[in-house]
>>> print(open('entry29.cif').read())   # mmCIF, C-alpha atoms
data_entry
#
loop_
_atom_site.label_atom_id
_atom_site.label_comp_id
_atom_site.auth_asym_id
_atom_site.auth_seq_id
_atom_site.Cartn_x
_atom_site.Cartn_y
_atom_site.Cartn_z
CA MET A 9 -12.47 -49.31 -32.21
CA ASP A 10 -13.43 -49.54 -35.89
CA ILE A 11 -12.90 -52.86 -37.67
CA GLY A 12 -13.57 -54.06 -41.20
CA MET A 13 -14.77 -57.66 -41.57
CA ILE A 14 -14.27 -59.37 -44.93
CA GLY A 15 -16.32 -62.56 -45.15
CA LEU A 16 -19.78 -62.56 -43.60
CA GLY A 17 -20.48 -66.27 -43.60
CA ARG A 18 -21.87 -67.84 -40.45
CA MET A 19 -18.72 -67.55 -38.38
CA GLY A 20 -17.63 -64.20 -39.77
CA ALA A 21 -21.05 -62.68 -39.14
CA ASN A 22 -21.13 -64.10 -35.62
CA MET A 23 -17.72 -62.63 -34.85
CA ALA A 24 -18.79 -59.29 -36.28
CA GLU A 25 -21.90 -59.28 -34.13
CA ARG A 26 -19.93 -60.13 -30.99
CA LEU A 27 -17.57 -57.24 -31.72
CA HIS A 28 -20.58 -54.97 -32.28
CA ARG A 29 -22.07 -56.04 -28.96
CA GLY A 30 -18.72 -55.21 -27.36
CA GLY A 31 -19.03 -51.59 -28.46
CA HIS A 32 -16.90 -51.72 -31.60
CA ARG A 33 -17.99 -50.35 -34.95
CA VAL A 34 -17.97 -53.14 -37.54
CA VAL A 35 -18.16 -52.51 -41.26
CA GLY A 36 -18.57 -55.70 -43.24
CA TYR A 37 -18.13 -56.87 -46.81
CA ASP A 38 -19.05 -60.13 -48.48
CA PRO A 39 -19.32 -60.90 -52.21
CA GLY A 40 -22.79 -62.34 -51.55
CA ALA A 41 -25.62 -59.79 -51.47
CA ASP A 42 -27.67 -62.05 -49.18
CA ALA A 43 -24.85 -62.20 -46.65
CA ARG A 44 -24.52 -58.42 -46.68
CA ALA A 45 -28.26 -57.98 -46.20
CA ALA A 46 -28.27 -60.46 -43.31
CA ALA A 47 -25.45 -58.54 -41.64
CA VAL A 48 -27.49 -55.32 -41.76
CA THR A 49 -30.38 -57.03 -39.98
CA ARG A 50 -27.94 -57.83 -37.15
CA GLY A 51 -27.06 -54.18 -36.64
CA LEU A 52 -23.88 -54.18 -38.72
CA GLU A 53 -22.85 -51.85 -41.49
CA ALA A 54 -22.30 -53.50 -44.87
CA VAL A 55 -20.73 -52.17 -48.05
CA GLU A 56 -20.68 -53.52 -51.60
CA SER A 57 -16.94 -53.65 -52.29
CA VAL A 58 -13.58 -54.02 -50.62
CA GLU A 59 -12.70 -50.53 -51.85
CA ALA A 60 -15.75 -49.09 -50.08
CA LEU A 61 -14.84 -51.00 -46.93
CA VAL A 62 -11.35 -49.53 -46.81
CA ALA A 63 -12.73 -46.04 -47.49
CA ALA A 64 -15.22 -46.39 -44.61
CA LEU A 65 -12.50 -47.00 -42.01
CA PRO A 66 -10.33 -44.33 -40.39
CA ALA A 67 -6.57 -44.77 -40.51
CA PRO A 68 -4.78 -46.66 -39.15
CA ARG A 69 -7.16 -49.37 -40.31
CA ALA A 70 -7.80 -52.90 -39.09
CA LEU A 71 -9.20 -55.48 -41.53
CA TRP A 72 -10.27 -58.94 -40.33
CA LEU A 73 -10.44 -61.72 -42.92
CA MET A 74 -12.81 -64.68 -42.57
CA VAL A 75 -12.40 -66.22 -46.02
CA PRO A 76 -11.43 -69.74 -47.16
CA ALA A 77 -7.77 -70.65 -46.79
CA GLY A 78 -5.49 -70.62 -49.81
CA GLY A 79 -6.15 -68.72 -53.00
CA ALA A 80 -9.06 -66.70 -51.63
CA VAL A 81 -6.86 -65.24 -48.89
CA ASP A 82 -4.04 -64.49 -51.34
CA ALA A 83 -6.44 -62.72 -53.71
CA THR A 84 -7.96 -60.67 -50.89
CA VAL A 85 -4.56 -59.71 -49.50
CA ALA A 86 -3.32 -58.76 -52.98
CA LEU A 87 -6.28 -56.40 -53.42
CA LEU A 88 -5.89 -54.91 -49.94
CA ARG A 89 -2.21 -54.33 -50.59
CA THR A 90 -3.15 -51.81 -53.28
CA LEU A 91 -5.59 -49.99 -50.98
CA LEU A 92 -4.02 -49.93 -47.52
CA GLN A 93 -1.37 -47.64 -46.07
CA PRO A 94 1.59 -48.07 -43.70
CA GLY A 95 0.34 -48.64 -40.17
CA ASP A 96 -2.74 -50.61 -41.25
CA VAL A 97 -3.25 -54.16 -39.98
CA ILE A 98 -4.71 -57.27 -41.62
CA VAL A 99 -5.88 -60.11 -39.38
CA ASP A 100 -6.41 -63.54 -40.93
CA GLY A 101 -8.87 -65.29 -38.62
CA GLY A 102 -9.40 -68.32 -40.87
CA ASN A 103 -7.63 -71.68 -40.99
CA SER A 104 -4.70 -70.69 -43.21
CA ASN A 105 -1.56 -72.79 -43.36
CA TYR A 106 0.99 -71.17 -41.05
CA ARG A 107 3.65 -71.16 -43.78
CA ASP A 108 1.33 -69.08 -45.99
CA SER A 109 0.82 -66.68 -43.09
CA GLN A 110 4.57 -66.28 -42.65
CA ARG A 111 4.96 -65.56 -46.37
CA ARG A 112 2.17 -62.98 -46.40
CA ALA A 113 3.50 -61.23 -43.30
CA LEU A 114 6.93 -60.92 -44.89
CA GLU A 115 5.52 -59.57 -48.15
CA LEU A 116 3.32 -56.98 -46.43
CA ALA A 117 6.04 -55.85 -44.05
CA GLY A 118 7.78 -54.20 -46.98
CA ASP A 119 4.72 -51.96 -47.38
CA GLY A 120 4.54 -51.16 -43.68
CA ILE A 121 1.37 -53.22 -43.29
CA ALA A 122 1.18 -55.65 -40.35
CA TYR A 123 -0.27 -59.12 -40.86
CA LEU A 124 -1.55 -61.04 -37.83
CA ASP A 125 -2.44 -64.73 -38.11
CA CYS A 126 -5.19 -65.46 -35.61
CA GLY A 127 -6.10 -69.08 -35.02
CA THR A 128 -9.78 -69.01 -34.07
CA SER A 129 -11.72 -71.73 -32.26
CA GLY A 130 -15.30 -71.66 -31.05
CA GLY A 131 -17.37 -72.53 -34.09
CA ILE A 132 -21.04 -71.63 -34.11
CA TRP A 133 -21.04 -71.26 -30.31
CA GLY A 134 -18.54 -68.42 -30.29
CA LEU A 135 -21.17 -65.70 -30.50
CA ALA A 136 -22.59 -66.70 -27.12
CA GLU A 137 -19.59 -68.32 -25.43
CA GLY A 138 -16.68 -66.36 -26.90
CA TYR A 139 -13.81 -67.47 -29.11
CA SER A 140 -10.42 -68.96 -28.32
CA LEU A 141 -7.87 -66.80 -30.14
CA MET A 142 -4.22 -67.61 -30.80
CA VAL A 143 -2.54 -64.53 -32.28
CA GLY A 144 0.76 -64.58 -34.15
CA GLY A 145 2.69 -61.69 -35.66
CA ASP A 146 3.94 -58.21 -34.86
CA THR A 147 3.78 -57.43 -31.14
CA ASP A 148 2.87 -53.76 -31.52
CA ALA A 149 0.02 -54.55 -33.92
CA ALA A 150 -1.30 -57.29 -31.61
CA THR A 151 -1.18 -54.90 -28.66
CA ARG A 152 -3.05 -52.20 -30.57
CA LEU A 153 -5.80 -54.63 -31.51
CA ALA A 154 -6.05 -56.13 -28.02
CA PRO A 155 -9.50 -54.54 -27.41
CA LEU A 156 -10.85 -56.53 -30.36
CA PHE A 157 -9.41 -59.81 -29.11
CA GLN A 158 -10.75 -59.08 -25.61
CA ALA A 159 -14.25 -58.50 -27.01
CA LEU A 160 -14.19 -61.75 -28.99
CA ALA A 161 -12.71 -63.93 -26.22
CA PRO A 162 -14.79 -65.52 -23.44
CA ALA A 163 -13.42 -62.83 -21.10
CA PRO A 164 -10.93 -59.98 -21.50
CA ASP A 165 -8.32 -61.82 -19.44
CA ARG A 166 -8.66 -65.35 -20.75
CA GLY A 167 -9.16 -67.39 -23.90
CA TRP A 168 -6.81 -65.33 -26.06
CA GLY A 169 -3.17 -64.37 -26.30
CA HIS A 170 -0.32 -63.24 -28.50
CA VAL A 171 1.49 -66.57 -28.83
CA GLY A 172 4.51 -65.66 -30.93
CA PRO A 173 5.85 -64.33 -34.25
CA SER A 174 4.23 -64.65 -37.67
CA GLY A 175 2.82 -68.13 -38.17
CA ALA A 176 2.59 -68.94 -34.46
CA GLY A 177 -1.15 -68.31 -34.29
CA HIS A 178 -2.09 -70.55 -37.20
CA TYR A 179 0.47 -73.16 -36.17
CA SER A 180 -1.10 -73.33 -32.69
CA LYS A 181 -4.57 -73.65 -34.24
CA MET A 182 -3.35 -76.41 -36.57
CA ILE A 183 -2.09 -78.47 -33.63
CA HIS A 184 -5.30 -77.66 -31.72
CA ASN A 185 -7.31 -79.17 -34.57
CA GLY A 186 -5.08 -82.25 -34.68
CA ILE A 187 -5.75 -82.85 -30.99
CA GLU A 188 -9.45 -82.34 -31.67
CA TYR A 189 -9.33 -85.11 -34.31
CA GLY A 190 -7.90 -87.56 -31.76
CA MET A 191 -10.40 -86.63 -29.03
CA MET A 192 -13.35 -86.98 -31.38
CA GLN A 193 -12.12 -90.35 -32.61
CA ALA A 194 -11.75 -91.67 -29.05
CA TYR A 195 -15.29 -90.62 -28.15
CA ALA A 196 -16.63 -92.13 -31.38
CA GLU A 197 -14.93 -95.49 -30.78
CA GLY A 198 -15.98 -95.63 -27.13
CA PHE A 199 -19.64 -94.95 -27.86
CA ALA A 200 -19.51 -97.46 -30.73
CA LEU A 201 -18.48 -100.12 -28.20
CA LEU A 202 -21.30 -99.11 -25.87
CA GLN A 203 -23.80 -99.21 -28.73
CA ARG A 204 -22.63 -102.63 -29.94
CA LYS A 205 -23.14 -104.27 -26.49
CA GLU A 206 -26.80 -104.89 -27.19
CA ALA A 207 -27.24 -107.40 -24.36
CA LEU A 208 -26.87 -104.62 -21.78
CA ALA A 209 -29.35 -102.28 -23.49
CA LEU A 210 -27.24 -99.26 -22.58
CA ASP A 211 -28.67 -95.76 -22.82
CA LEU A 212 -25.85 -93.88 -24.50
CA GLY A 213 -27.37 -90.48 -23.86
CA GLN A 214 -27.64 -91.25 -20.14
CA ILE A 215 -24.03 -92.44 -19.95
CA ALA A 216 -22.79 -89.35 -21.80
CA GLU A 217 -24.70 -87.17 -19.37
CA ILE A 218 -23.19 -88.97 -16.39
CA TRP A 219 -19.68 -88.57 -17.79
CA ARG A 220 -20.22 -84.83 -18.21
CA HIS A 221 -20.08 -84.29 -14.45
CA GLY A 222 -17.03 -85.26 -12.41
CA SER A 223 -15.55 -87.66 -14.96
CA VAL A 224 -11.95 -87.27 -16.13
CA VAL A 225 -13.17 -87.51 -19.75
CA ARG A 226 -15.61 -84.60 -19.44
CA SER A 227 -15.20 -81.90 -22.09
CA TRP A 228 -17.14 -79.58 -24.37
CA LEU A 229 -16.98 -82.26 -27.07
CA LEU A 230 -18.67 -84.65 -24.65
CA ASP A 231 -21.33 -82.02 -23.95
CA LEU A 232 -22.05 -81.88 -27.67
CA ALA A 233 -22.08 -85.68 -27.91
CA ALA A 234 -24.58 -85.87 -25.06
CA ASP A 235 -26.86 -83.40 -26.84
CA ALA A 236 -26.60 -85.32 -30.11
CA LEU A 237 -27.35 -88.67 -28.47
CA HIS A 238 -30.26 -87.23 -26.51
CA ASP A 239 -31.84 -85.82 -29.67
CA ASN A 240 -31.12 -88.83 -31.91
CA PRO A 241 -29.94 -91.92 -29.97
CA GLN A 242 -29.48 -94.09 -33.08
CA LEU A 243 -28.09 -91.20 -35.15
CA ASP A 244 -30.75 -91.91 -37.75
CA GLY A 245 -30.38 -90.08 -41.04
CA ILE A 246 -26.69 -89.31 -40.56
CA ALA A 247 -24.39 -90.76 -43.23
CA PRO A 248 -21.12 -92.32 -41.99
CA TYR A 249 -19.05 -89.80 -43.93
CA VAL A 250 -16.61 -87.59 -42.03
CA ALA A 251 -15.05 -84.61 -43.81
CA ASP A 252 -11.83 -82.87 -42.84
CA SER A 253 -10.78 -79.23 -43.18
CA GLY A 254 -7.15 -79.99 -44.04
CA GLU A 255 -5.70 -78.98 -40.68
CA GLY A 256 -5.35 -82.61 -39.60
CA ARG A 257 -3.35 -83.37 -42.74
CA TRP A 258 -1.05 -80.42 -42.07
CA THR A 259 -0.58 -81.60 -38.49
CA VAL A 260 0.41 -85.10 -39.59
CA ALA A 261 2.80 -83.69 -42.21
CA GLU A 262 4.38 -81.48 -39.53
CA ALA A 263 4.80 -84.48 -37.21
CA ILE A 264 6.67 -86.34 -39.96
CA GLU A 265 8.86 -83.33 -40.72
CA LEU A 266 9.74 -82.83 -37.04
CA ASN A 267 10.20 -86.56 -36.33
CA VAL A 268 7.50 -86.46 -33.66
CA SER A 269 5.43 -89.59 -33.11
CA ALA A 270 1.73 -88.68 -33.37
CA PRO A 271 -0.07 -92.00 -33.96
CA VAL A 272 -3.43 -91.03 -32.44
CA ILE A 273 -3.80 -87.90 -34.56
CA THR A 274 -2.56 -89.73 -37.66
CA LEU A 275 -4.92 -92.67 -37.25
CA SER A 276 -7.87 -90.39 -36.54
CA LEU A 277 -7.21 -88.65 -39.86
CA LEU A 278 -6.97 -91.98 -41.67
CA GLU A 279 -10.28 -93.07 -40.13
CA ARG A 280 -11.91 -89.98 -41.59
CA LEU A 281 -10.55 -90.88 -45.01
CA ARG A 282 -11.80 -94.44 -44.54
CA SER A 283 -15.30 -93.23 -43.73
CA ARG A 284 -15.63 -91.98 -47.30
CA GLU A 285 -14.97 -95.36 -48.96
CA LYS A 286 -18.33 -96.70 -50.09
CA ASP A 287 -16.78 -99.72 -51.81
CA ALA A 288 -13.41 -100.24 -50.14
CA TYR A 289 -11.04 -102.12 -52.44
CA SER A 290 -8.69 -102.83 -49.54
CA ASP A 291 -11.39 -104.70 -47.63
CA LYS A 292 -12.22 -106.77 -50.70
CA LEU A 293 -8.57 -107.77 -51.03
CA LEU A 294 -8.39 -108.69 -47.33
CA ALA A 295 -11.40 -110.97 -47.75
CA ALA A 296 -9.88 -112.56 -50.85
CA LEU A 297 -6.56 -113.21 -49.09
CA ARG A 298 -8.28 -114.84 -46.10
CA ASP A 299 -10.08 -117.16 -48.50
CA ARG A 300 -6.91 -118.01 -50.44
CA PHE A 301 -4.74 -118.93 -47.45
CA GLY A 302 -7.39 -120.27 -45.09
CA GLY A 303 -10.37 -121.21 -47.17
CA HIS A 304 -12.61 -118.88 -45.15
CA GLY A 305 -14.91 -118.04 -48.04
CA VAL A 306 -16.10 -114.63 -49.18
CA ARG A 307 -19.46 -112.92 -49.18
CA SER A 308 -20.90 -112.06 -52.57
CA THR A 309 -22.31 -108.62 -53.29
#
>>> encode(input="entry29.cif", output="structure tokens")
Amino acid sequence: MDIGMIGLGRMGANMAERLHRGGHRVVGYDPGADARAAAVTRGLEAVESVEALVAALPAPRALWLMVPAGGAVDATVALLRTLLQPGDVIVDGGNSNYRDSQRRALELAGDGIAYLDCGTSGGIWGLAEGYSLMVGGDTDAATRLAPLFQALAPAPDRGWGHVGPSGAGHYSKMIHNGIEYGMMQAYAEGFALLQRKEALALDLGQIAEIWRHGSVVRSWLLDLAADALHDNPQLDGIAPYVADSGEGRWTVAEAIELNVSAPVITLSLLERLRSREKDAYSDKLLAALRDRFGGHGVRST
């Protein structure tokens, strides 16, 4: 099957290569000349414009987007809308907000163009291990593109699925990322406790490795933690600054809207925000209050 890939960053290029290895023809486009050149070295075709990409694909076409969520997706879809024909399919494999995906699907349906929102998990390991794919949107379009999903997934019969109507794929991925926030925070707090117990001189890398086998807390995240602690036990050179992609924020907002208690996910997001405070005003006020009511004193900077 022929597929056009728009966005040849690290993940997009890896997905394109996995599709190529699976026997599919992949034609890629990226606004960066270096990204296009790198794609060619990996056995992929690359063109210099979206117009050329559409022209290179036989109808009915399938275009896979791996571009940043928000305005970049809207701009790309708006351009494609002028170039595509009824029966063509656009797949958004990025981390778009599910409400945006629902809006785009509705707009494109009037032109006879299907829009699939595909929540994609696997990161930089997806090329070798396969990707977890949660597909939302038109059933017929998802069925037609099943060979692509099967090639990207860990196996043709697992790790992917058509999970519901428009928005369902990105909604599932949003909740997936919220769960990921909570799991990562729990590991981080647990290993912080192990590291702080200096009297026991614990080898954190050894403990992580033990937990990887047979333990009820074993997971791929723990595998990655074990690798990180083996390579750099004290995490030297790593700043205590944790970014977020926005999916955790959307998950918390959804929990509030649906009246669902999600304290672990919410607090894990707040901890990420806290990690970015170099000079936390709130902590200064806490220290001042303790001094005012209890005479505990404050430390000077």
>>> resolve_selection(input="entry29.cif", expression="the PyMOL selection byres ((chain A and resi 29-42) around 10)", output="PyMOL selection string")
chain A and resi 9-17+20-21+23-28+43-48+51-62+64-65+71-75+135+155-156+158-160
>>> resolve_selection(input="entry29.cif", expression="the PyMOL selection byres ((chain A and resi 189) around 9)", output="list in words")
His184, Asn185, Gly186, Ile187, Glu188, Gly190, Met191, Met192, Gln193, Ala194, Gly256, Val272, Ile273, Thr274, Ser276 and Leu277 of chain A
>>> closest_residue(input="entry29.cif", among="A:Leu266, A:Ala149, A:Ala163, A:Val143", to="A:Ala122", atoms="all atoms listed in the file")
A:Ala149
>>> atom_distance(input="entry29.cif", atom1="atom CA of A:Ala70", atom2="atom CA of A:Leu153")
8.0 Å
>>> atom_distance(input="entry29.cif", atom1="atom CA of A:Asp299", atom2="atom CA of A:Asp287")
19.0 Å
>>> atom_distance(input="entry29.cif", atom1="atom CA of A:Ala251", atom2="atom CA of A:Leu281")
7.8 Å
>>> residues_around(input="entry29.cif", residues="A:Arg282", least_positions_apart="6", cutoff="9 Å", atoms="only C-alpha atoms", output="list in words")
Tyr249, Val250 and Ala288 of chain A
>>> resolve_selection(input="entry29.cif", expression="the PyMOL selection byres ((chain A and resi 147) around 12)", output="number ranges by chain")
A: 97, 122-125, 143-146, 148-154, 169-174
>>> residues_around(input="entry29.cif", residues="stretch 200-213 of chain A", least_positions_apart="5", cutoff="12 Å", atoms="all atoms listed in the file", output="list in words")
Gln193, Ala194, Tyr195, Ile218, Trp219, Arg220, Leu230, Asp231, Leu232, Ala233, Ala234, Asp235, Ala236, Leu237, His238, Asp239, Asn240, Pro241, Gln242 and Leu243 of chain A
>>> closest_residue(input="entry29.cif", among="A:Thr90, A:Asn105, A:Gln110, A:Thr84", to="A:Met182", atoms="only C-alpha atoms")
A:Asn105
>>> residues_around(input="entry29.cif", residues="A:Pro162", least_positions_apart="5", cutoff="6 Å", atoms="all atoms listed in the file", output="MDAnalysis selection string")
chainID A and resid 137:138 167
>>> residues_near_point(input="entry29.cif", point="(-14.0, -112.8, -50.2)", cutoff="8 Å", atoms="all atoms listed in the file", output="list in words")
Lys292, Leu293, Leu294, Ala295, Ala296, Leu297, Arg298, Asp299, Gly305, Val306, Arg307 and Ser308 of chain A
>>> closest_residue(input="entry29.cif", among="A:Val85, A:Arg166, A:Ser129, A:Ser283", to="A:Glu115", atoms="only C-alpha atoms")
A:Val85
>>> closest_residue(input="entry29.cif", among="A:Gly127, A:Gly120, A:Gly198, A:Pro68", to="A:Ile183", atoms="all atoms listed in the file")
A:Gly127
>>> build_atoms(input="entry29.cif", residues="stretch 16-32 of chain A", atoms="N, CA and C atoms", output="CSV table (one decimal), in the frame of the given file")
chain,number,residue,atom,x,y,z
A,16,LEU,N,-18.7,-62.6,-44.5
A,16,LEU,CA,-19.8,-62.6,-43.6
A,16,LEU,C,-20.6,-63.9,-43.6
A,17,GLY,N,-19.8,-65.0,-43.8
A,17,GLY,CA,-20.5,-66.3,-43.6
A,17,GLY,C,-20.9,-66.4,-42.2
A,18,ARG,N,-21.3,-67.6,-41.8
A,18,ARG,CA,-21.9,-67.8,-40.4
A,18,ARG,C,-20.9,-67.4,-39.3
A,19,MET,N,-19.7,-67.9,-39.4
A,19,MET,CA,-18.7,-67.6,-38.4
A,19,MET,C,-18.3,-66.1,-38.4
A,20,GLY,N,-18.0,-65.6,-39.6
A,20,GLY,CA,-17.6,-64.2,-39.8
A,20,GLY,C,-18.7,-63.2,-39.3
A,21,ALA,N,-20.0,-63.5,-39.6
A,21,ALA,CA,-21.0,-62.7,-39.1
A,21,ALA,C,-21.2,-62.8,-37.6
A,22,ASN,N,-21.0,-64.0,-37.1
A,22,ASN,CA,-21.1,-64.1,-35.6
A,22,ASN,C,-20.0,-63.3,-34.9
A,23,MET,N,-18.8,-63.4,-35.5
A,23,MET,CA,-17.7,-62.6,-34.8
A,23,MET,C,-18.0,-61.1,-35.0
A,24,ALA,N,-18.5,-60.7,-36.1
A,24,ALA,CA,-18.8,-59.3,-36.3
A,24,ALA,C,-19.8,-58.8,-35.3
A,25,GLU,N,-20.9,-59.7,-35.1
A,25,GLU,CA,-21.9,-59.3,-34.1
A,25,GLU,C,-21.4,-59.2,-32.7
A,26,ARG,N,-20.5,-60.2,-32.3
A,26,ARG,CA,-19.9,-60.1,-31.0
A,26,ARG,C,-19.1,-58.9,-30.8
A,27,LEU,N,-18.3,-58.5,-31.8
A,27,LEU,CA,-17.6,-57.2,-31.7
A,27,LEU,C,-18.5,-56.0,-31.6
A,28,HIS,N,-19.6,-56.0,-32.3
A,28,HIS,CA,-20.6,-55.0,-32.3
A,28,HIS,C,-21.2,-54.9,-30.9
A,29,ARG,N,-21.5,-56.0,-30.3
A,29,ARG,CA,-22.1,-56.0,-29.0
A,29,ARG,C,-21.1,-55.5,-27.9
A,30,GLY,N,-19.8,-55.7,-28.3
A,30,GLY,CA,-18.7,-55.2,-27.4
A,30,GLY,C,-18.4,-53.7,-27.5
A,31,GLY,N,-19.2,-53.0,-28.3
A,31,GLY,CA,-19.0,-51.6,-28.5
A,31,GLY,C,-18.1,-51.1,-29.6
A,32,HIS,N,-17.8,-52.1,-30.5
A,32,HIS,CA,-16.9,-51.7,-31.6
A,32,HIS,C,-17.7,-51.5,-32.9
